[in-house]
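Below is one structure, written out as structure tokens; the observations come after it.
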Amino acid sequence: MTSVADVSESNLVDEARVTPVVRRSKVDRAYRAVATLSGSVVFVVMALIGGFLLYRGIDALRISGWGFITESQWAPDMGGAFGIAAVLPYTVSIALVALFLAVPISVATALFITEYAPRRLRRFLTATIDLLAAVPSLIYGLWGLFYLQPRLITLSKWLADNLGFIPFFEVNEDFGTSLGVFPSSTFVAGVIVSLMVIPICTSVMREVFGQAPPGEREGAMALGGTRWGVVRDVVLPFGRGGIIGGSMLGLGRALGETIAVTLIISPSFDAKWSIVEQGSNSIAALIALKFSESTETGISALMAAGLALFVITLIVNTAASSVVNRSRSGSATEI
Amino acid sequence: MKPISRWTIASALVASLVVSTGASVASASDPVDGAGSTWSQIAVDQWRADVARQGLVVNYQGVGSTAGRVAYYQAQVDFAVSEIPFQSAQYDRQGNLLADETQLAAARPYAYLPIVAGGTAFMYNLKANGQRVTDLKLSPTTAAKIFTGQITMWNDPLIAADNPQRVMPATRIKPVIRSDGSGTTAQFTAFMADETTSDWNVLCQRANLGSSCPATSLYPDFPNSGFAAQQFSDGVANFVAAQYNDGAITYVEYGYAKERGFPVASVKNASGNYTQPTAVNVSVALQGARINSDGTQVLGGVYRNSDSRAYPISSYSYMIVPTTEAAPFNASKGQSLSEYIFYFLCAGQQKAEQLGYAPLPRNLVEFGFEAVTRIPGAVAAPSIDSCSNPTITGGFLVPKANPTATTTAPAGGTSGSAGSSGGSSGTTLPGATTVPGAVGEPRTEVGETTNGEVVDATGSEAVIATPGVAMATSVEIDTEGSGASPFIYLLIAVLILGIAVGPPIVAGRLRPSVKQ
């Protein structure tokens, strides 16, 4: 296996070496310029967004200092303290709940589509998944709010009643365990965000699983492997980069999801472990909720929070892409 | 050279398009731009649609009260609409100055005038012995204690004292607040800061905002408050109405509760009566509004109006209008703006109740008229008696069920500007013995008000058009965007077109040269 990869790589290197000096026509050069320009626009936009957030947020960061990271309250408009110590953990926990649900379902869906589904069903399922990815998040949010939320809270209550000894499912006794304490929780928001994440993850994973090399697939079959054996030893190792990449793309989406989260949550500014109890938050939702009535300091503080989210998303995506790069082209495949 | 001629044609076409768009914008009657409150937006939008038919272009962006005030002192808009006036200096906890709106706005002198009124209702979802409670009564103090987290159970002695007619259930109270910035929050917190100051200060302290704090559009929450926060009036109303939220209560406009078939609490007023936040009760209460010499409003007379019908938690939002010709304002814009203001203070108020607000009473209309005189280029105000505001012409304020209340003089009658309003309920009486809903019935002016078409009858010179005159030239109804936006859209369209069409044209031009 490794030798095959080596050969193909050396071929590439040879080709590059023999490449003659190309005389490009003017048309070629024009298109090259346009393409380069378009490519660099991505970086320019990125830098502009980061720069803008920093520029607008710097005033608030000056006022709060390090308190911006350690303070959990959010009252920049009334001269109070403000910080992301509560908002950020909530943001991450909503995203993690979403991924916890979305990744297994996405992997299974993608495997079913590429490996198990009959051809006709495969096309139909692919189209359906892509269609789901195109549904605006507001629709998911509204559906979640009006349909899912009232039904999910019974599950929340069951979790709190039976698994209440786990901090995640604990409910403050003060508020009792009537159904009313469950609807605006991290859990409900996470479930709804997971619905938005699933199609994205599935699309990426399906694409990657489909590219598992047929040679090795057939080889594994020929050696008497079962279909599950093929999946386990060829498709999954090959698709590892895709699974990670898809999950990270989903995480990025989940961290930044605004409308659906805004509709569901009841913003809270004291961090807690429980994910089923009322009270959650997210940076994107915070910005959406507070923006219109914020003073200049308040807006600056929101921009600083946006900057924090931007940096975290950047770190997550960079980490993901390095993982994806390292495990590309089935280098980890061992048969 | 063929390609060059093609370019010239294209650029000429673009240029002519730009010119024609610009020209058409300029030819409209001077458009006025405003921004601000979303709470008032429903009414503002309705009224500007009404005057657009008369050729008056008023643009409005509901970006929020605070953003509206900022846009005003940054000279981005001609007028702003806000629930709270410009805020005085605010400091953070280290004592650094955060913002001083009054000082910033001083560079662009302004006047306040009332625009729409409404009451803040307490919608609740409560069951006692399996039956829905619909007769809840609250005194202002009790309500404030609920929304500052000092009362947590429905059977609290204070609530029980307000409701001797029933035994209150031992259910936990779940106050539901607005998670977004909102005018309703501003009006409710203004009430608490003014009337139940000590309770409001408790909230300020619990939320770590110092010993006291001003009214705010963003409701302060504190750790472990047990409050739930939801977005928009619809959001809080739906949340309270949810079956699983027994014990929830929220502050919201009356209409949202009515829509869902849920009761709202009767609130105790200065006379000791418990009243519902109906449009009439709100208008009655607002007759107590007084105005400071600097133009800010004192609502104490509203909150403590001793009229037995008055709903105490009543207030109104302000329009902030410029009183100088500092850019971007000018006299001809002033004319358009004053016509718009006369429209909504008079005829426009006929739609207030149907849009979920309460019509402004006579004293506030008079105050608005007075403020308009300070707008540069303003047209002369119509006489107040010809103003087709239902509180002036119709029998709106005449009690429907409780005739004895007519004798009660409005409490604010002591103030200068509201002095004449003391007799307003009296003057409306003769004409108002007919159906109160018959809008404009007693009007003696030339106005034609058949088919509900709102045409101000207050003298044709003040208002844009007399009913009979069709103004064909004024059909330009540009309901969205400012005057500059068509140009920007065009520019974007041209750019996109350029990106799509550009490369092939460039390639076409380059190819012959390659052959050479």
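By order of appearance in the structure tokens: chains A, B, ..., then residues from 1 within every chain, and ligands from 1 in the order shown.
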
Practice task
Report as a PyMOL selection string the set of chain A residues whose atoms approach chain B to within 6 Å, with distances computed over only C-alpha atoms.
Solution key: chain A and resi 27+79-80+179-180+266+270+289-290+292-293

Exercise for the section: With a distance cut-off of 8 Å and only C-alpha atoms, select the neighbouring residues of Thr202 (chain A), excluding the residue or stretch itself and same-chain residues fewer than 5 positions from it, and output the selection as a ChimeraX atom specification. Expected result: /A:106-107,109-110,129,246

Problem - All strand (DSSP E or B) residues (DSSP, backbone) inside region 210-373 of chain B, as a list in words - result: Ala228, Ala229, Gln230, Ala248, Ile249, Thr250, Tyr251, Val252, Glu253, Val264, Ser266, Val267, Lys268, Tyr274, Thr275, Arg290, Ile291, Gln297, Val298, Ser314, Ser315, Tyr316, Ser317, Tyr318, Met319, Ile320, Val321, Pro322 and Ala358 of chain B

Problem - Those in region 267-369 of chain B with alpha helix (DSSP H) from DSSP, as a PyMOL selection string - result: chain B and resi 279-286+300-303+331-345+362-369

Problem - Long-range neighbours of region 220-227 of chain A as a VMD selection string, 9 Å cut-off, only C-alpha atoms, 4 positions minimum in chain - result: chain A and resid 115 to 116 215 to 216 231 to 234 335

Sort by chain and increasing residue number a table of all residues of region 88-187 of chain A within 10 Å of region 250-258 of chain A, each with its closest pair of atoms and their distance in Å to one decimal, counting only C-alpha atoms, and write it as CSV.
```
residue,atom,partner,partner_atom,distance
A:Leu88,CA,A:Leu255,CA,9.7
A:Tyr90,CA,A:Leu255,CA,9.9
A:Thr91,CA,A:Leu255,CA,6.2
A:Val92,CA,A:Leu255,CA,6.6
A:Ser93,CA,A:Leu255,CA,9.1
A:Ile94,CA,A:Ala254,CA,7.5
A:Ala95,CA,A:Ala254,CA,4.9
A:Leu96,CA,A:Leu251,CA,7.6
A:Val97,CA,A:Ala254,CA,9.5
A:Ala98,CA,A:Ala254,CA,7.0
A:Leu99,CA,A:Leu251,CA,6.7
A:Ala102,CA,A:Gly250,CA,8.4
A:Val103,CA,A:Gly250,CA,8.7
A:Ser137,CA,A:Glu257,CA,8.0
A:Leu138,CA,A:Thr258,CA,8.9
A:Gly141,CA,A:Thr258,CA,9.3
```

Output C-alpha atoms for every residue in the selection just made, as a PDB file, in the first residue's frame.
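This is the output file selection_14.pdb:
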```
ATOM      1  CA  LEU A  88     -18.631  31.253  25.806  1.00  0.00           C
ATOM      2  CA  TYR A  90     -22.730  27.996  26.863  1.00  0.00           C
ATOM      3  CA  THR A  91     -21.912  28.570  23.198  1.00  0.00           C
ATOM      4  CA  VAL A  92     -19.507  25.642  23.216  1.00  0.00           C
ATOM      5  CA  SER A  93     -21.881  23.392  25.137  1.00  0.00           C
ATOM      6  CA  ILE A  94     -24.712  23.977  22.660  1.00  0.00           C
ATOM      7  CA  ALA A  95     -22.320  23.119  19.841  1.00  0.00           C
ATOM      8  CA  LEU A  96     -21.051  20.023  21.641  1.00  0.00           C
ATOM      9  CA  VAL A  97     -24.573  18.753  22.327  1.00  0.00           C
ATOM     10  CA  ALA A  98     -25.302  19.291  18.647  1.00  0.00           C
ATOM     11  CA  LEU A  99     -22.197  17.424  17.528  1.00  0.00           C
ATOM     12  CA  ALA A 102     -25.122  14.850  14.787  1.00  0.00           C
ATOM     13  CA  VAL A 103     -21.826  13.027  14.217  1.00  0.00           C
ATOM     14  CA  SER A 137     -32.024  27.985   9.794  1.00  0.00           C
ATOM     15  CA  LEU A 138     -35.033  30.142  10.633  1.00  0.00           C
ATOM     16  CA  GLY A 141     -35.726  27.328  14.488  1.00  0.00           C
TER      17      GLY A 141
END
```

Practice task
For CA of Phe262 (chain B) and CA of Thr171 (chain B), determine how far apart the two atoms are, in Å to one decimal place.
Solution key: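 Those two atoms sit 18.0 Å apart.
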
Do a neighbour search on Gly239 (chain A) at 8 Å with only C-alpha atoms, toss out local chain neighbours closer than 4 positions, and write the hits as a PDB file with C-alpha atoms, in the first residue's frame.
```pdb
ATOM      1  CA  MET A 205     -18.775  12.416   4.784  1.00  0.00           C
ATOM      2  CA  VAL A 208     -15.354  11.239   1.166  1.00  0.00           C
ATOM      3  CA  PHE A 209     -16.689   7.735   1.780  1.00  0.00           C
ATOM      4  CA  ALA A 212     -12.630   5.073  -0.909  1.00  0.00           C
ATOM      5  CA  VAL A 235     -14.075   2.993   4.045  1.00  0.00           C
ATOM      6  CA  ILE A 243     -15.398  12.450   9.330  1.00  0.00           C
ATOM      7  CA  GLY A 330      -5.755   6.970   3.007  1.00  0.00           C
TER       8      GLY A 330
END
```

Exercise for the section: Name all residues at most 8 Å from Arg304 (chain B) (count only C-alpha atoms; drop same-chain ones fewer than 6 positions away) and give them as a PyMOL selection string. Expected result: chain B and resi 269-270+312

Just to be explicit: take each residue in the selection above, keep N, CA and C atoms, and write the result as a compact mmCIF listing (two decimals), in the first residue's frame.
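The resulting file, out_16.txt, is reproduced below:
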```
# COMPACT_ATOMS: atom_id res chain seq x y z
N ASN B 269 -54.78 51.69 40.37
CA ASN B 269 -54.36 53.06 40.08
C ASN B 269 -54.49 53.94 41.32
N ALA B 270 -54.21 55.21 41.13
CA ALA B 270 -54.14 56.12 42.29
C ALA B 270 -55.48 56.22 43.02
N PRO B 312 -52.50 52.69 35.18
CA PRO B 312 -51.29 53.41 35.61
C PRO B 312 -50.05 53.20 34.73
```

Practice task
Could you please determine the separation between CA of Phe79 (chain B) and CA of Gln354 (chain B) in Å, to one decimal place?
Solution key: 25.1 Å

Handout entry: Long-range neighbours of Ser283 (chain B) as a list in words, 10 Å cut-off, only C-alpha atoms, 4 positions minimum in chain
Key = Ala117, Gly118, Gly119, Pro277, Thr278, Ala279, Gln287, Gly288, Val302, Arg309, Ala310, Tyr311, Ser314, Ser315, Tyr357, Ala358, Pro359, Leu360, Pro361, Arg362, Thr391, Phe396 and Leu397 of chain B

Please produce an output containing C-alpha atoms for each residue in the selection, written as a tab-separated table (two decimals), in the first residue's frame.
```tsv
chain	number	residue	atom	x	y	z
B	117	ALA	CA	-49.17	55.68	23.35
B	118	GLY	CA	-49.70	52.30	24.90
B	119	GLY	CA	-50.10	50.46	28.13
B	277	PRO	CA	-54.99	48.27	29.98
B	278	THR	CA	-57.60	49.12	27.37
B	279	ALA	CA	-56.97	51.93	24.90
B	287	GLN	CA	-54.15	63.12	30.21
B	288	GLY	CA	-51.98	63.49	33.28
B	302	VAL	CA	-49.87	59.52	34.35
B	309	ARG	CA	-60.46	54.70	34.78
B	310	ALA	CA	-56.76	55.43	34.38
B	311	TYR	CA	-54.44	52.49	33.71
B	314	SER	CA	-49.26	53.90	30.47
B	315	SER	CA	-46.71	55.80	28.48
B	357	TYR	CA	-51.99	51.30	20.71
B	358	ALA	CA	-54.01	54.01	22.43
B	359	PRO	CA	-54.75	57.40	20.85
B	360	LEU	CA	-52.85	60.37	22.26
B	361	PRO	CA	-55.12	62.61	24.34
B	362	ARG	CA	-55.64	66.29	23.63
B	391	THR	CA	-59.92	61.79	21.76
B	396	PHE	CA	-63.54	58.04	22.64
B	397	LEU	CA	-62.83	59.04	26.19
```

Can you pull out every residue within 9 Å of region 161-166 of chain A, counting only C-alpha atoms, but drop anything in the same chain fewer than 4 positions away, and send it as a compact mmCIF listing (two decimals) with C-alpha atoms, in the first residue's frame?
```
# COMPACT_ATOMS: atom_id res chain seq x y z
CA SER A 156 -35.60 16.48 29.46
CA LYS A 157 -37.77 15.79 32.45
CA GLU A 170 -29.32 18.12 37.39
CA VAL A 171 -32.10 20.60 38.02
CA THR A 177 -39.29 19.81 38.27
CA SER A 274 -26.89 21.33 33.71
```

Exercise for the section: Find, counting only C-alpha atoms, the residue in A:Leu111, A:Ile139, A:Ala271, A:Ala47 that gets nearest to Thr186 (chain A). Expected result: A:Ala271
